[in-house]
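Next comes structure.csv, with CSV, C-alpha atoms.
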chain,number,residue,atom,x,y,z
A,172,MET,CA,0.0,0.0,0.0
A,173,THR,CA,1.4,3.4,-1.0
A,174,LEU,CA,1.6,6.3,1.5
A,175,PRO,CA,0.7,9.5,-0.4
A,176,ILE,CA,2.6,12.5,0.8
A,177,THR,CA,1.9,16.0,-0.5
A,178,VAL,CA,3.9,19.1,0.3
A,179,VAL,CA,2.0,22.4,0.1
A,180,THR,CA,4.7,25.0,-0.5
A,181,LEU,CA,5.7,28.3,-2.2
A,182,PHE,CA,8.8,26.5,-3.5
A,183,PRO,CA,7.9,23.2,-5.1
A,184,ASP,CA,11.2,23.3,-7.1
A,185,MET,CA,13.0,22.3,-3.9
A,186,PHE,CA,11.4,18.8,-4.3
A,187,PRO,CA,12.1,16.0,-4.5
A,188,GLY,CA,15.7,17.0,-3.9
A,189,PRO,CA,17.3,14.6,-1.5
A,190,LEU,CA,14.1,12.6,-1.4
A,191,ASP,CA,14.9,11.2,-4.8
A,192,VAL,CA,18.1,9.3,-4.0
A,193,SER,CA,19.3,6.3,-2.0
A,194,ILE,CA,16.7,4.8,0.4
A,195,MET,CA,14.0,7.3,-0.5
A,196,LYS,CA,14.4,6.6,-4.2
A,197,ARG,CA,14.2,2.9,-3.7
A,198,ALA,CA,11.1,3.3,-1.5
A,199,GLN,CA,9.4,5.3,-4.2
A,200,ASP,CA,10.3,2.7,-6.8
A,201,LYS,CA,8.8,0.0,-4.6
A,202,GLY,CA,5.6,2.0,-4.4
A,203,LEU,CA,5.9,2.4,-0.6
A,204,PHE,CA,5.2,6.2,-0.8
A,205,SER,CA,4.5,8.8,-3.4
A,206,LEU,CA,5.5,12.5,-3.3
A,207,SER,CA,3.8,15.4,-4.9
A,208,THR,CA,3.7,19.2,-4.4
A,209,VAL,CA,1.1,21.9,-4.5
A,210,GLN,CA,2.1,25.5,-5.3
A,211,ILE,CA,0.5,27.9,-2.9
A,212,ARG,CA,0.8,30.8,-5.2
A,213,ASP,CA,-1.5,29.1,-7.7
A,214,PHE,CA,-4.3,29.9,-5.4
A,215,ALA,CA,-3.4,33.6,-4.8
A,216,PHE,CA,-5.6,36.4,-6.0
A,217,GLY,CA,-5.0,39.4,-8.3
A,218,LYS,CA,-2.5,40.3,-11.0
A,219,HIS,CA,0.5,39.9,-8.8
A,220,LYS,CA,-0.6,36.6,-7.2
A,221,THR,CA,0.0,38.0,-3.7
A,222,VAL,CA,0.1,35.3,-0.9
A,223,ASP,CA,0.8,37.5,2.1
A,224,ASP,CA,-0.2,40.8,3.8
A,225,THR,CA,0.8,43.0,6.7
A,226,PRO,CA,-0.1,41.7,10.1
A,227,TYR,CA,-3.0,43.1,12.1
A,228,GLY,CA,-1.8,44.7,15.3
A,229,GLY,CA,1.5,45.8,13.6
A,230,GLY,CA,4.9,44.1,13.8
A,231,ALA,CA,7.7,43.2,11.4
A,232,GLY,CA,7.3,41.0,8.4
A,233,MET,CA,4.4,39.7,6.5
A,234,VAL,CA,1.8,37.0,7.2
A,235,MET,CA,0.5,34.4,4.7
A,236,ARG,CA,-3.2,34.8,4.0
A,237,ALA,CA,-5.7,32.3,5.3
A,238,ASP,CA,-7.8,32.3,2.2
A,239,VAL,CA,-4.9,31.5,-0.1
A,240,VAL,CA,-3.4,28.8,2.1
A,241,ALA,CA,-6.7,27.2,2.8
A,242,ASN,CA,-7.5,26.9,-0.9
A,243,ALA,CA,-4.1,25.2,-1.5
A,244,ILE,CA,-4.7,22.7,1.3
A,245,ARG,CA,-8.2,21.9,0.1
A,246,HIS,CA,-6.9,21.3,-3.4
A,247,ALA,CA,-4.4,18.8,-1.9
A,248,LYS,CA,-7.2,17.1,-0.1
A,249,LYS,CA,-9.0,16.4,-3.3
A,250,GLU,CA,-6.5,13.6,-4.0
A,251,SER,CA,-6.2,12.5,-0.3
A,252,PRO,CA,-9.5,13.6,1.5
A,253,ASN,CA,-8.6,11.9,4.7
A,254,ALA,CA,-4.9,12.9,4.8
A,255,LYS,CA,-3.4,14.2,8.0
A,256,VAL,CA,-2.5,17.9,7.6
A,257,VAL,CA,0.8,18.8,9.4
A,258,PHE,CA,2.1,22.3,9.6
A,259,MET,CA,5.9,22.5,9.8
A,260,SER,CA,6.5,25.1,12.6
A,261,PRO,CA,9.0,25.9,15.3
A,262,SER,CA,6.0,26.3,17.6
A,263,GLY,CA,4.9,22.8,17.0
A,264,VAL,CA,5.3,19.6,19.1
A,265,LYS,CA,8.8,18.1,19.0
A,266,PHE,CA,9.3,15.6,16.1
A,267,ASP,CA,10.9,12.4,17.3
A,268,GLN,CA,11.2,8.7,16.4
A,269,ASN,CA,7.8,7.9,18.0
A,270,LYS,CA,6.1,10.6,15.9
A,271,ALA,CA,7.8,9.3,12.8
A,272,ARG,CA,6.5,5.8,13.4
A,273,GLU,CA,3.0,7.2,14.1
A,274,LEU,CA,2.9,9.2,10.9
A,275,ALA,CA,4.2,6.2,8.9
A,276,LYS,CA,1.1,4.3,9.9
A,277,HIS,CA,-1.3,7.0,8.6
A,278,LYS,CA,-2.2,5.2,5.4
A,279,ASP,CA,-4.7,7.9,4.3
A,280,GLY,CA,-1.7,10.1,3.5
A,281,LEU,CA,0.1,13.2,4.8
A,282,ILE,CA,-0.1,16.8,3.7
A,283,LEU,CA,2.8,18.8,4.9
A,284,LEU,CA,2.3,22.6,5.0
A,285,CYS,CA,5.3,24.8,4.6
A,286,GLY,CA,5.1,28.4,5.8
A,287,HIS,CA,7.3,31.4,5.0
A,288,TYR,CA,7.6,35.1,6.1
A,289,GLU,CA,6.4,35.7,9.7
A,290,GLY,CA,4.0,32.8,9.5
A,291,ILE,CA,0.5,31.9,8.5
A,292,ASP,CA,-2.8,33.4,9.5
A,293,ASP,CA,-3.9,31.4,12.6
A,294,ARG,CA,-7.4,31.0,11.3
A,295,VAL,CA,-6.4,28.6,8.6
A,296,LEU,CA,-4.3,26.7,11.1
A,297,GLN,CA,-7.3,26.3,13.4
A,298,SER,CA,-9.6,25.2,10.6
A,299,GLU,CA,-7.4,23.1,8.2
A,300,VAL,CA,-4.4,21.8,10.2
A,301,ASP,CA,-4.5,18.7,12.3
A,302,GLU,CA,-1.1,19.1,14.0
A,303,GLU,CA,2.0,21.4,14.1
A,304,ILE,CA,5.4,19.8,14.2
A,305,SER,CA,8.8,21.2,15.0
A,306,ILE,CA,12.1,19.4,14.1
A,307,GLY,CA,14.1,21.4,16.6
A,308,ASP,CA,14.5,24.5,18.7
A,309,TYR,CA,15.6,26.8,16.0
A,310,VAL,CA,14.0,28.8,13.2
A,311,LEU,CA,14.4,28.1,9.4
A,312,SER,CA,13.6,30.4,6.5
A,313,GLY,CA,10.7,28.1,5.6
A,314,GLY,CA,9.2,24.8,6.2
A,315,GLU,CA,10.6,23.0,3.2
A,316,LEU,CA,13.8,21.6,4.8
A,317,ALA,CA,11.8,20.5,7.8
A,318,ALA,CA,9.3,18.7,5.6
A,319,MET,CA,12.2,16.8,3.9
A,320,VAL,CA,13.4,15.7,7.3
A,321,VAL,CA,10.0,14.5,8.3
A,322,VAL,CA,9.4,12.6,5.0
A,323,ASP,CA,12.8,10.9,5.3
A,324,ALA,CA,12.2,9.8,8.9
A,325,VAL,CA,8.7,8.7,8.2
A,326,VAL,CA,9.5,6.7,5.1
A,327,ARG,CA,12.3,4.8,6.9
A,328,ASN,CA,9.6,3.5,9.3
A,329,ILE,CA,7.5,2.0,6.5
A,330,PRO,CA,7.9,-1.8,6.4
A,331,GLU,CA,10.2,-2.9,3.5
A,332,SER,CA,11.8,0.6,3.1
A,333,LEU,CA,15.1,-0.7,4.5
A,334,GLY,CA,16.9,-3.7,3.2
A,335,ASN,CA,17.3,-5.2,6.7
A,336,GLU,CA,14.2,-4.9,8.9
A,337,GLU,CA,16.4,-5.4,12.0
A,338,THR,CA,18.1,-2.1,11.2
A,339,LEU,CA,15.2,-0.1,12.7
A,340,ASP,CA,15.6,-1.9,16.1
A,341,GLU,CA,19.2,-1.0,16.4
A,342,GLU,CA,19.1,2.7,15.6
A,343,SER,CA,19.3,5.7,18.0
A,344,PHE,CA,16.2,6.1,20.0
A,345,ASP,CA,15.1,2.5,19.3
A,346,ILE,CA,17.7,0.9,21.5
A,347,GLU,CA,16.2,0.5,25.0
A,348,SER,CA,18.0,0.0,28.3
A,349,GLU,CA,16.9,-2.3,31.1
A,350,ARG,CA,15.2,0.7,32.7
A,351,GLY,CA,13.3,1.5,29.6
A,352,GLU,CA,15.4,4.5,28.5
A,353,LYS,CA,15.8,5.3,24.9
A,354,LEU,CA,19.6,5.2,24.0
A,355,LEU,CA,21.7,6.5,21.2
A,356,GLU,CA,23.3,4.1,18.9
A,357,TYR,CA,26.6,2.3,19.8
A,358,PRO,CA,29.8,2.9,17.8
A,359,HIS,CA,30.3,0.9,14.6
A,360,TYR,CA,33.5,-0.6,13.0
A,361,THR,CA,34.4,-2.4,9.8
A,362,ARG,CA,37.6,-3.4,7.9
A,363,PRO,CA,40.5,-2.8,8.2
A,364,VAL,CA,41.0,-4.2,11.8
A,365,SER,CA,43.8,-1.8,12.4
A,366,TRP,CA,43.9,1.8,11.0
A,367,GLU,CA,46.3,4.5,11.8
A,368,GLY,CA,47.2,3.0,15.2
A,369,GLN,CA,43.5,2.4,16.1
A,370,ASP,CA,42.2,-1.1,16.4
A,371,VAL,CA,38.7,-2.5,16.3
A,372,PRO,CA,37.7,-3.5,19.9
A,373,ASP,CA,38.6,-7.2,20.5
A,374,VAL,CA,35.1,-8.1,21.6
A,375,LEU,CA,33.7,-7.3,18.2
A,376,THR,CA,36.0,-9.8,16.5
A,377,SER,CA,35.6,-12.5,19.2
A,378,GLY,CA,32.5,-14.0,17.7
A,379,HIS,CA,31.0,-14.1,21.3
A,380,HIS,CA,27.5,-12.7,20.6
A,381,LYS,CA,26.4,-12.2,24.2
A,382,ASN,CA,29.6,-10.3,25.0
A,383,ILE,CA,29.1,-8.2,21.8
A,384,GLU,CA,25.6,-7.4,22.8
A,385,LYS,CA,26.7,-6.4,26.3
A,386,TRP,CA,29.5,-4.2,25.0
A,387,ARG,CA,27.1,-2.5,22.6
A,388,MET,CA,24.6,-1.7,25.3
A,389,GLU,CA,27.4,-0.3,27.5
A,390,LYS,CA,28.7,1.9,24.7
A,391,ALA,CA,25.2,3.1,23.8
A,392,PHE,CA,24.7,4.1,27.5
A,393,GLU,CA,28.0,5.9,27.6
A,394,LYS,CA,27.3,7.8,24.4
A,395,THR,CA,23.8,8.8,25.6
A,396,LYS,CA,25.2,9.9,29.0
A,397,LYS,CA,27.8,12.1,27.2
A,398,ASN,CA,25.7,13.5,24.4
A,399,ARG,CA,22.0,13.3,25.5
A,400,PRO,CA,21.9,12.9,29.3
A,401,ASP,CA,18.3,14.3,29.2
A,402,LEU,CA,17.2,10.8,27.8
A,403,LEU,CA,18.3,9.1,31.0
A,404,LYS,CA,16.3,8.7,34.1
A,405,GLY,CA,19.1,9.7,36.4
Now, as a test, write the supplied structure out as structure tokens.
Amino acid sequence: MTLPITVVTLFPDMFPGPLDVSIMKRAQDKGLFSLSTVQIRDFAFGKHKTVDDTPYGGGAGMVMRADVVANAIRHAKKESPNAKVVFMSPSGVKFDQNKARELAKHKDGLILLCGHYEGIDDRVLQSEVDEEISIGDYVLSGGELAAMVVVDAVVRNIPESLGNEETLDEESFDIESERGEKLLEYPHYTRPVSWEGQDVPDVLTSGHHKNIEKWRMEKAFEKTKKNRPDLLKG
């Protein structure tokens, strides 16, 4: 079954971009997901196809019009009437692996709305958007790069998108400690065994699977404690 994903944007030429290579390309070729775009400006009014206007109450920047954006979303919904509409916004809920898995199961499709300027008139967000998602605590020039991140993470969680299904169980945030903590991924090594004075840890070449598993969990915990202590319970 194909997961249809539509990006509603002022810059459709940015797509597919990195979503047309490697794992994403193979997933599309397998029919696991489809990617399309809707140009917001096609639904603007007047000779100059204006999509924004000055904010009521004053302030810097411009705000995208509710009527224009709503018409673009409604057009996208003609192809996927039950799709989940997600607005890419620094004000949204934090995007993580659990959210990626959740969106991957939304078989009716996803519509990713990308804003620009100072934002989008809140009325259309209240009437047309199901959820706001943020990929991090920073501000981008627009939602397109965030949408690409979301698509990549979501598609990776569609069954058959990866060559080895076990891969998903061993990635960062999918490794779980005995206390139920989500851990970062352990270090990886491959040939040559010795490189510039650094050797592959002996345990990895021992063939002792229980010792390897124990070492990997220890290293995953160490990396998490160093880089993301907020993931640990204390």
Could you state the separation of atom CA of A:Ser348 and atom CA of A:Leu333 in Å, given to one decimal place?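 These atoms are spaced 24.0 Å apart.
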Judged by all atoms listed in the file, the minimum distance to A:Glu302 among A:Lys218, A:Arg245, A:Arg362, A:Lys270 is found for A:Lys270
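Comparing A:Pro261, A:Ala237, A:Met195, A:Ala215 by their smallest distance to A:Tyr309, the closest is A:Pro261 (using all atoms listed in the file).
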Calculate how many Å separate atom CA of A:Leu311 from atom CA of A:Leu274, rounding to one decimal.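 Going from atom CA of A:Leu311 over to atom CA of A:Leu274 covers 22.2 Å.
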Quote the spacing between atom CA of A:Arg399 and atom CA of A:Thr376 in Å to one decimal place.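 If I compute the distance from atom CA of A:Arg399 to atom CA of A:Thr376, I get 28.5 Å.
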Write out as a VMD selection string each polymer residue whose atoms come within 10 Å of A:Ala318, counting only C-alpha atoms; drop sequence neighbours fewer than 2 positions from it. chain A and resid 177 to 180 257 to 260 282 to 285 304 to 306 313 to 316 320 to 324
Contacts of A:Met388 at 9 Å or less, counting only C-alpha atoms, minus same-chain residues fewer than 5 places along, as a list in words?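 Once the nearby chain positions are removed, what remains is Ile346, Glu347, Ser348, Leu354, Glu356, Tyr357, Ile383 and Glu393 of chain A.
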Find the spatial neighbours of A:His359, counting only C-alpha atoms, within a cut-off of 12 Å - ignore same-chain residues fewer than 5 positions away - and output them as a PyMOL selection string. chain A and resi 341-342+371-372+375+383+386-387+390-391
Name all residues at most 10 Å from A:Ser312 (count only C-alpha atoms; drop same-chain ones fewer than 4 positions away) and give them as a PDB file with C-alpha atoms, keeping the file's coordinate frame.
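Generated file (around07.pdb):
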ATOM      1  CA  GLY A 286       5.100  28.400   5.800  1.00  0.00           C
ATOM      2  CA  HIS A 287       7.300  31.400   5.000  1.00  0.00           C
ATOM      3  CA  TYR A 288       7.600  35.100   6.100  1.00  0.00           C
ATOM      4  CA  GLU A 289       6.400  35.700   9.700  1.00  0.00           C
ATOM      5  CA  LEU A 316      13.800  21.600   4.800  1.00  0.00           C
TER       6      LEU A 316
END
For A:Gln199: contacts at 10 Å, only C-alpha atoms, fewer than 6 positions along chain excluded, given as a list in words: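 Once the adjacent positions are removed, what remains is Thr173, Leu174, Leu190, Asp191, Val192, Ser205, Leu206, Val326 and Ser332 of chain A.
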Could you please fill out stretch 213-228 of chain A with N, CA and C atoms and send it back as a short mmCIF file (atom, residue, chain, number, x, y, z; two decimals), keeping the file's coordinate frame?
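Result went into part-v5.cif, see below:
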data_model
loop_
_atom_site.label_atom_id
_atom_site.label_comp_id
_atom_site.auth_asym_id
_atom_site.auth_seq_id
_atom_site.Cartn_x
_atom_site.Cartn_y
_atom_site.Cartn_z
N ASP A 213 -0.45 29.37 -6.74
CA ASP A 213 -1.50 29.10 -7.70
C ASP A 213 -2.88 29.48 -7.25
N PHE A 214 -3.03 29.66 -5.95
CA PHE A 214 -4.30 29.90 -5.40
C PHE A 214 -4.43 31.37 -4.84
N ALA A 215 -3.44 32.18 -5.22
CA ALA A 215 -3.40 33.60 -4.80
C ALA A 215 -4.37 34.38 -5.72
N PHE A 216 -4.66 35.60 -5.29
CA PHE A 216 -5.60 36.40 -6.00
C PHE A 216 -4.87 37.63 -6.68
N GLY A 217 -5.51 38.21 -7.67
CA GLY A 217 -5.00 39.40 -8.30
C GLY A 217 -3.88 39.21 -9.29
N LYS A 218 -3.53 40.30 -9.93
CA LYS A 218 -2.50 40.30 -11.00
C LYS A 218 -1.18 39.82 -10.52
N HIS A 219 -0.83 40.18 -9.29
CA HIS A 219 0.50 39.90 -8.80
C HIS A 219 0.57 38.57 -7.97
N LYS A 220 -0.54 37.86 -7.88
CA LYS A 220 -0.60 36.60 -7.20
C LYS A 220 0.00 36.74 -5.74
N THR A 221 -0.51 37.69 -5.01
CA THR A 221 0.00 38.00 -3.70
C THR A 221 -0.50 36.92 -2.67
N VAL A 222 0.42 36.38 -1.88
CA VAL A 222 0.10 35.30 -0.90
C VAL A 222 0.11 35.83 0.52
N ASP A 223 0.61 37.05 0.74
CA ASP A 223 0.80 37.50 2.10
C ASP A 223 0.29 38.96 2.24
N ASP A 224 0.24 39.43 3.49
CA ASP A 224 -0.20 40.80 3.80
C ASP A 224 0.37 41.22 5.10
N THR A 225 0.23 42.51 5.41
CA THR A 225 0.80 43.00 6.70
C THR A 225 -0.05 42.50 7.86
N PRO A 226 0.60 42.25 8.98
CA PRO A 226 -0.10 41.70 10.10
C PRO A 226 -0.98 42.70 10.86
N TYR A 227 -2.18 42.28 11.24
CA TYR A 227 -3.00 43.10 12.10
C TYR A 227 -2.35 43.27 13.44
N GLY A 228 -2.42 44.47 14.00
CA GLY A 228 -1.80 44.70 15.30
C GLY A 228 -0.35 45.22 15.14
#
